[in-house]
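Undergrad: Here it is: the structure, laid out below.
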Amino acid sequence: MAEAAIRAGCRFYFGYPITPQNEVAEYMSEHMPEAGGTFIQAESEIASIYMVLGASVTGARAMTSSSSPGISLKQEGISFLAGQELPAVILNVMRGGPGLGNIAGCQGDYFQATRGGGHGDYKTIVLAPGSVQELVDLTGVAFELADKYRNPVMILADGLIGQMREPVVLPEPVKHLPEKDWALRGAKGRPSRFSRSLILNVRRMEEHNWKLQRKFREIEANEIRFEQYLLEDAKLVVVAFGSAARVAKGAVKRLRKEGLKVGLFRPITLWPFPHKKIRELANECSEFLVYELNAGQMLEDVKLALSGSAEVFFYGRPGGVIPTPMDVAKIIGSRYYQRIKRKAK
Amino acid sequence: MINLDLYAPLMLPKEELFTSGHRACQGCAEALAVRIVCKALGRNSIVAMATGCMEIVSSPLPTTAWQIPWIHVAFENAAAVASGVESGLKALMRKGRLPHKKITIAGMAGDGGTADIGLQALSGAMERGHDMIFVCYDNEAYMNTGIQRSSATPFGASTTTSPAGKVKAGQETWKKNMPEIMAAHGIPYVATACSAYPIDLYEKVKRAALVKGPAYVHCLSVCPTGWRIPSGDAIRYGRLAVETAAFPLYEVIDGKYQLTFDSPKLKPITDYFKGQGRFRHLTPEAVARIQERITRDYEKLRAKCENVNK
Ligand SMILES: Cc1ncc(C[n+]2csc(CCOP(=O)(O)OP(=O)(O)O)c2C)c(N)n1
Ligand code: SF4
Ligand SMILES: [Mg+2]
């Protein structure tokens with residue numbers, strides 16, 4: 001991820017140690033200077049997100065990374081980035097919570113990430129990689145989207161992906177970065193520019209908020225990503241994201257071999273969420289099983305998407321434990337047979 | 001002559017309030033520091049501890065090494081939670097819901113939890129004047145998360161985020177002077193200590209506990225794992241840190257400085273660096289630069305102290 005960020009033109013990394021994502025900072029401390037960039041370990045997460053804001057306002061590509069409790073401390077800064085319309089990439093390698101929790105894989109920060117997280121009426125684009133390769137690929141995407149929409153983008157991984165070792169194909173380094181006619185770079189010879197989110201004039205504040213909302217609608221219209229796996233004839237659709245989807249995929253593969261018609265739908269963008277696509281799936285299939293490493297968060301989005309047009313079941317394991325594909329296959333399998341039994345009656 | 005120093009620790013209270021069985025690395029002098037500090041605090045104490053090695057090694061559910069009330073909090077706010085505990089108890093005693101008695105409140109954190117992310121909360125607590133002790137266990141890096149630099153990491157030390165390589169030679173900034181920052185708050189008691197000098201550490205914490213108002217003890221705690229030294233050498237290196245004045249021992253009582261360890265002739269810093277993996281890469285020029293700074297800082301400190309012959 002760190003190398004992919006450097007290749008995506010990121011030249012500023014501001015971090016703070018927290019497990020399970022210290023490898024990013026460690027890699028950056030060694031390789032960022034070699035790439036002519038800047039690595040700074042800040043004195044806290046709050047400082048590091050605002051260093052990102054500072055670098056971003058000059059027009060540079062900047063990022064930070066952390067894990068759940070650290071992300072909570074960054075939330076104020078993320079809200080400021082959104083309010084001031086500044087691009088930034090934030091990697092959250094989630095861990096079991098609440099509080100200090102543990103450092104194993106978990107998806108408990110889904111709500112925090114997809115609902116904006118911090119204060120105010122804003123959205124963060126949220127990308128959920130299901131493998132190390134996808135983490136690499138989405139890193140480039142994250143920087144592109146951040147610049148395109150001038151909005152913070154969060155990559156939501158977890159302890160499982162964060163600590164996984166897999167061979168990856170790295171992208172070619174990006175050659176041309178977009179022009180930024182809003183960046184603060186000294187006002188010699190031209191009127192000065194401003195970057196702020198404090199707008200005391202009530203009418204202007206509302207205008208600004210509507211402008212942000214129009215941008216969010218545009219993102220919803222253009223940037224939805226997902227993966228469909230063996231859905232054509234599926235009688236039961238498993239919906240899962242990130243590392244849970246990886247486990248679910250193994251389970252689906254196994255069950256297909258046994259002749260069960262099950263498939264997997266994996267949202268890659270968690271915000272914007274693929275509501276419409278899920279709704280369409282309900283035309284072909286009437287049962288959905290949501291599987292998450294939490295007590296049911298994306299579940300709400302799936303239910304909203306389906307609005308009662310299909311039955312939704314849930315299997316979740318909060319905080320820390322990661323079931324094997326076998327475990328998940330058992331759950332999916334039993335759901336599937338219950339369906340057949342019901343149909344037979 | 002027999003070395004009486006060897007027997008002195010036998011004078012410490014026998015009762016263990018930070019018991020064995022915790023999961024610190026072999027030879028960890030930070031765990032030793034916690035153990036001695038707890039002996040000095042005594043049973044009637046409450047500890048609020050930030051996350052870090054000592055919290056992680058002492059409290060994996062369902063076990064605990066703590067024999068005194070202990071609350072683990074987030075990384076940045078041990079001092080704030082200790083302030084709250086102190087205020088809460090004070091209110092309960094004032095209202096007569098608790099009998100009036102002396103309960104020692106201690107905030108504890110590593111160097112990262114003190115000098116970096118916890119500094120704001122600590123400064124607030126000291127400024128407000130809560131009746132509490134704050135102990136910083138300084139092992140000179142973020143050890144629990146894998147040896148990342150902190151602002152207390154000494155100049156030149158190689159860590160995972162200040163790696164020594166072709167472009168850089170380890171940590172490029174000088175160790176933040178935390179005790180001096182605390183002294184600048186004008187609090188009644190500030191001391192530096194080291195668990196390689198257990199009696200001195202014990203006495204300083206005792207004094208800190210007796211003080212009315214905030215007290216701060218900064219304890220150098222040798223970490224064999226992070227310093228890359230043999231696990232049997234923590235005490236030796238702790239003593240060398242003091243004997244070379246890389247980490248001088250002193251107290252500031254009501255603004256008055258006094259050295260608690262003064263050597264007529266300091267050992268050269270090379271004695272201290274030798275054998276420490278984190279300093280292995282240092283060139284003679286870098287060592288000379290560090291020596292110069294240490295000598296200068298020590299002279300400045302001595303000049304402030306009232307109990308030394310100038
Ligand atoms: C807000 C927040 N940021 C980061 C962390 C991760 N973290 C836990 S312990 C630790 C290092 C502690 O270093 P220090 O205070 O020096 O204590 P040591 O482990 O060295 O004794 C860090 C960075 C955390 N738990 N919470
Ligand atoms: S890493 Fe260092 S401070 Fe932490 S337990 Fe091990 S020796 Fe002690
Ligand atoms: Mg430390």
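Residues are referred to by chain and number: the chain letter is A, B, ... according to the order shown in the structure tokens, the number counts from 1 in that chain, and ligands are numbered separately from 1 in the order shown.
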Could you please extract the residues within 6 Å of ligand 2, counting only C-alpha atoms and all ligand atoms, and hand them back as a PyMOL selection string?
TA: chain B and resi 24-25+28+30+53+143-144+223-226
Undergrad: Could you give me the residues within 7 Å of ligand 3, counting only C-alpha atoms and all ligand atoms, as a PyMOL selection string?
TA: chain B and resi 110-112+137-143
Undergrad: Could you write out as a list in words the residues of chain A within 7 Å of chain B, counting only C-alpha atoms?
TA: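 Every residue of chain A that passes the 7 Å test is in Pro17, Ile18, Thr19, Ala25, Glu26, Ser29, Glu30, Glu43, Ser44 and Leu100 of chain A.
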Undergrad: Give me the residues within 12 Å of A:Ile219 as a list of chain:residue names, counting only C-alpha atoms and dropping any in the same chain fewer than 3 places off.
TA: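 Near A:Ile219, the qualifying residues are A:Lys123, A:Thr124, A:Ile125, A:Val126, A:Leu145, A:Ala146, A:Lys148, A:Tyr149, A:Arg150, A:Asn151, A:Val153, A:Leu212, A:Gln213, A:Arg214, A:Lys215, A:Phe216, A:Asn222, A:Glu223, A:Ile224, A:Arg225, A:Thr269, A:Trp271, A:Pro272, A:Phe273, A:Pro274.
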Undergrad: Can you write out the residues you just picked, keeping C-alpha atoms, as an mmCIF file, in the first residue's frame?
TA:
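Below is the file result14.cif, written as the result:
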data_model
loop_
_atom_site.group_PDB
_atom_site.id
_atom_site.type_symbol
_atom_site.label_atom_id
_atom_site.label_comp_id
_atom_site.auth_asym_id
_atom_site.auth_seq_id
_atom_site.Cartn_x
_atom_site.Cartn_y
_atom_site.Cartn_z
ATOM 1 C CA LYS A 123 -19.520 12.019 3.250
ATOM 2 C CA THR A 124 -16.208 10.281 2.877
ATOM 3 C CA ILE A 125 -15.673 8.040 -0.127
ATOM 4 C CA VAL A 126 -14.982 4.594 1.342
ATOM 5 C CA LEU A 145 -11.000 10.217 -6.602
ATOM 6 C CA ALA A 146 -9.756 12.486 -3.830
ATOM 7 C CA LYS A 148 -11.295 14.628 -8.751
ATOM 8 C CA TYR A 149 -13.895 15.456 -6.120
ATOM 9 C CA ARG A 150 -11.722 17.388 -3.678
ATOM 10 C CA ASN A 151 -12.888 15.141 -0.889
ATOM 11 C CA VAL A 153 -11.205 9.164 0.639
ATOM 12 C CA LEU A 212 -21.293 19.685 -1.083
ATOM 13 C CA GLN A 213 -24.501 17.682 -1.345
ATOM 14 C CA ARG A 214 -24.594 18.112 -5.128
ATOM 15 C CA LYS A 215 -21.053 16.791 -5.220
ATOM 16 C CA PHE A 216 -22.030 13.775 -3.110
ATOM 17 C CA ASN A 222 -20.513 7.875 -10.984
ATOM 18 C CA GLU A 223 -18.296 6.020 -8.611
ATOM 19 C CA ILE A 224 -20.048 2.906 -7.386
ATOM 20 C CA ARG A 225 -17.918 -0.247 -7.552
ATOM 21 C CA THR A 269 -17.315 1.238 -2.515
ATOM 22 C CA TRP A 271 -19.993 4.827 0.275
ATOM 23 C CA PRO A 272 -21.401 5.344 -2.259
ATOM 24 C CA PHE A 273 -23.162 2.049 -1.549
ATOM 25 C CA PRO A 274 -24.468 -0.049 -4.474
#
Undergrad: For A:Glu179, which of A:Ala60, A:Leu91, A:Ile78, A:Ile71 is the closest residue, counting only C-alpha atoms?
TA: A:Ala60
Undergrad: In Å, how far is it from atom CA of B:Pro154 to atom CA of B:Trp174?
TA: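 Computing it gives 5.8 Å between the two atoms.
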Undergrad: So, with only C-alpha atoms and all ligand atoms as the atoms that count, which of B:Val211, B:Cys136, B:Met126, B:Val47 lies closest to ligand 1?
TA: B:Cys136
Undergrad: Provide the atom CA of A:His208 to atom CA of A:Pro87 distance in Å, to one decimal place.
TA: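 Answer for the atom CA of A:His208 to atom CA of A:Pro87 separation: 16.8 Å.
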Undergrad: Among stretch 174-343 of chain A, which residues does DSSP mark as strand (DSSP E) when it is run on the backbone? Keep the chain and numbering as in the structure and answer as a compact mmCIF listing (two decimals) with N, CA, C and O atoms, in the first residue's frame.
TA:
# COMPACT_ATOMS: atom_id res chain seq x y z
N PHE A 226 -18.39 -2.60 -7.42
CA PHE A 226 -18.73 -3.83 -6.70
C PHE A 226 -18.22 -5.01 -7.50
O PHE A 226 -17.83 -4.88 -8.67
N GLU A 227 -18.26 -6.18 -6.89
CA GLU A 227 -17.88 -7.41 -7.58
C GLU A 227 -19.04 -8.38 -7.45
O GLU A 227 -19.65 -8.49 -6.37
N GLN A 228 -19.34 -9.11 -8.56
CA GLN A 228 -20.38 -10.14 -8.50
C GLN A 228 -19.72 -11.48 -8.76
O GLN A 228 -18.93 -11.61 -9.68
N TYR A 229 -20.05 -12.45 -7.96
CA TYR A 229 -19.39 -13.74 -8.08
C TYR A 229 -20.44 -14.85 -8.09
O TYR A 229 -21.15 -15.03 -7.09
N LEU A 236 -29.46 -17.92 -3.35
CA LEU A 236 -29.14 -17.21 -2.11
C LEU A 236 -27.92 -16.33 -2.39
O LEU A 236 -26.89 -16.82 -2.88
N VAL A 237 -28.06 -15.03 -2.13
CA VAL A 237 -26.95 -14.11 -2.38
C VAL A 237 -26.29 -13.75 -1.05
O VAL A 237 -26.96 -13.28 -0.13
N VAL A 238 -25.00 -14.03 -0.97
CA VAL A 238 -24.25 -13.61 0.21
C VAL A 238 -23.71 -12.21 -0.07
O VAL A 238 -23.14 -11.97 -1.13
N VAL A 239 -23.92 -11.29 0.86
CA VAL A 239 -23.36 -9.94 0.70
C VAL A 239 -22.30 -9.74 1.77
O VAL A 239 -22.59 -9.89 2.97
N VAL A 262 -25.43 -20.78 -4.79
CA VAL A 262 -25.20 -19.57 -3.98
C VAL A 262 -24.19 -18.68 -4.70
O VAL A 262 -23.38 -19.16 -5.48
N GLY A 263 -24.28 -17.39 -4.45
CA GLY A 263 -23.36 -16.45 -5.08
C GLY A 263 -22.96 -15.38 -4.08
O GLY A 263 -23.49 -15.31 -2.96
N LEU A 264 -22.01 -14.54 -4.51
CA LEU A 264 -21.50 -13.51 -3.61
C LEU A 264 -21.61 -12.14 -4.27
O LEU A 264 -21.24 -11.96 -5.43
N PHE A 265 -22.11 -11.18 -3.52
CA PHE A 265 -22.09 -9.79 -3.97
C PHE A 265 -21.19 -9.02 -3.01
O PHE A 265 -21.40 -9.04 -1.80
N ARG A 266 -20.18 -8.37 -3.58
CA ARG A 266 -19.20 -7.68 -2.73
C ARG A 266 -19.13 -6.20 -3.09
O ARG A 266 -18.58 -5.82 -4.11
N PRO A 267 -19.69 -5.33 -2.24
CA PRO A 267 -19.52 -3.89 -2.48
C PRO A 267 -18.05 -3.54 -2.31
O PRO A 267 -17.42 -3.96 -1.34
N THR A 269 -17.09 -0.07 -3.13
CA THR A 269 -17.31 1.24 -2.52
C THR A 269 -18.41 1.04 -1.46
O THR A 269 -19.50 0.57 -1.77
N LEU A 270 -18.07 1.37 -0.22
CA LEU A 270 -19.07 1.22 0.86
C LEU A 270 -19.89 2.50 0.96
O LEU A 270 -21.04 2.49 1.35
N TRP A 271 -19.26 3.62 0.63
CA TRP A 271 -19.99 4.83 0.28
C TRP A 271 -19.32 5.39 -0.94
O TRP A 271 -18.13 5.61 -0.89
N GLU A 287 -33.57 -14.26 -1.46
CA GLU A 287 -32.95 -14.40 -0.14
C GLU A 287 -31.51 -13.90 -0.14
O GLU A 287 -30.72 -14.22 -1.02
N PHE A 288 -31.22 -13.11 0.87
CA PHE A 288 -29.88 -12.52 1.01
C PHE A 288 -29.33 -12.86 2.39
O PHE A 288 -30.07 -12.83 3.38
N LEU A 289 -28.05 -13.16 2.41
CA LEU A 289 -27.39 -13.38 3.70
C LEU A 289 -26.24 -12.38 3.81
O LEU A 289 -25.30 -12.41 3.00
N VAL A 290 -26.33 -11.50 4.78
CA VAL A 290 -25.25 -10.53 4.98
C VAL A 290 -24.27 -11.10 6.00
O VAL A 290 -24.68 -11.57 7.06
N TYR A 291 -23.01 -11.09 5.62
CA TYR A 291 -21.98 -11.61 6.52
C TYR A 291 -20.95 -10.52 6.79
O TYR A 291 -20.34 -9.98 5.87
N GLU A 292 -20.77 -10.18 8.06
CA GLU A 292 -19.82 -9.12 8.42
C GLU A 292 -19.07 -9.51 9.68
O GLU A 292 -19.56 -10.29 10.50
N GLU A 311 -35.89 -11.41 1.49
CA GLU A 311 -35.61 -11.70 2.89
C GLU A 311 -34.13 -11.52 3.17
O GLU A 311 -33.28 -11.92 2.36
N VAL A 312 -33.80 -10.90 4.32
CA VAL A 312 -32.39 -10.67 4.64
C VAL A 312 -32.04 -11.39 5.94
O VAL A 312 -32.69 -11.20 6.96
N PHE A 313 -31.03 -12.25 5.84
CA PHE A 313 -30.52 -12.92 7.04
C PHE A 313 -29.17 -12.32 7.36
O PHE A 313 -28.53 -11.70 6.52
N PHE A 314 -28.75 -12.56 8.58
CA PHE A 314 -27.46 -11.98 8.98
C PHE A 314 -26.63 -12.98 9.74
O PHE A 314 -27.12 -13.72 10.60
N TYR A 315 -25.34 -13.00 9.42
CA TYR A 315 -24.39 -13.73 10.24
C TYR A 315 -23.22 -12.79 10.51
O TYR A 315 -22.57 -12.31 9.58
N GLY A 316 -22.97 -12.52 11.76
CA GLY A 316 -21.88 -11.60 12.10
C GLY A 316 -21.11 -12.09 13.30
O GLY A 316 -21.66 -12.76 14.18
Undergrad: Work out how far apart atom 21 (O, counted along the ligand's line) of ligand 1 and atom CA of A:Ser65 are and give it in Å to one decimal.
TA: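 These atoms are spaced 21.7 Å apart.
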Undergrad: Between B:Thr153, B:Asp233, B:Asp5, B:Ser87, which is the closest to ligand 1 once you count only C-alpha atoms and all ligand atoms?
TA: B:Thr153
Undergrad: Report as JSON, numbers by chain all protein, DNA and RNA residues lying within 9 Å of A:Ser56, evaluated on only C-alpha atoms, omitting residues in the same chain fewer than 3 positions from it.
TA: {"A": [12, 51, 52, 53, 59, 60, 61, 62, 63, 81, 86, 87, 88, 183]}
Undergrad: Fewer than 3 positions away in the same chain doesn't count, so skip those; otherwise give me all residues within 6 Å of stretch 327-343 of chain A, counting only C-alpha atoms, as a ChimeraX atom specification.
TA: /A:251,323-324
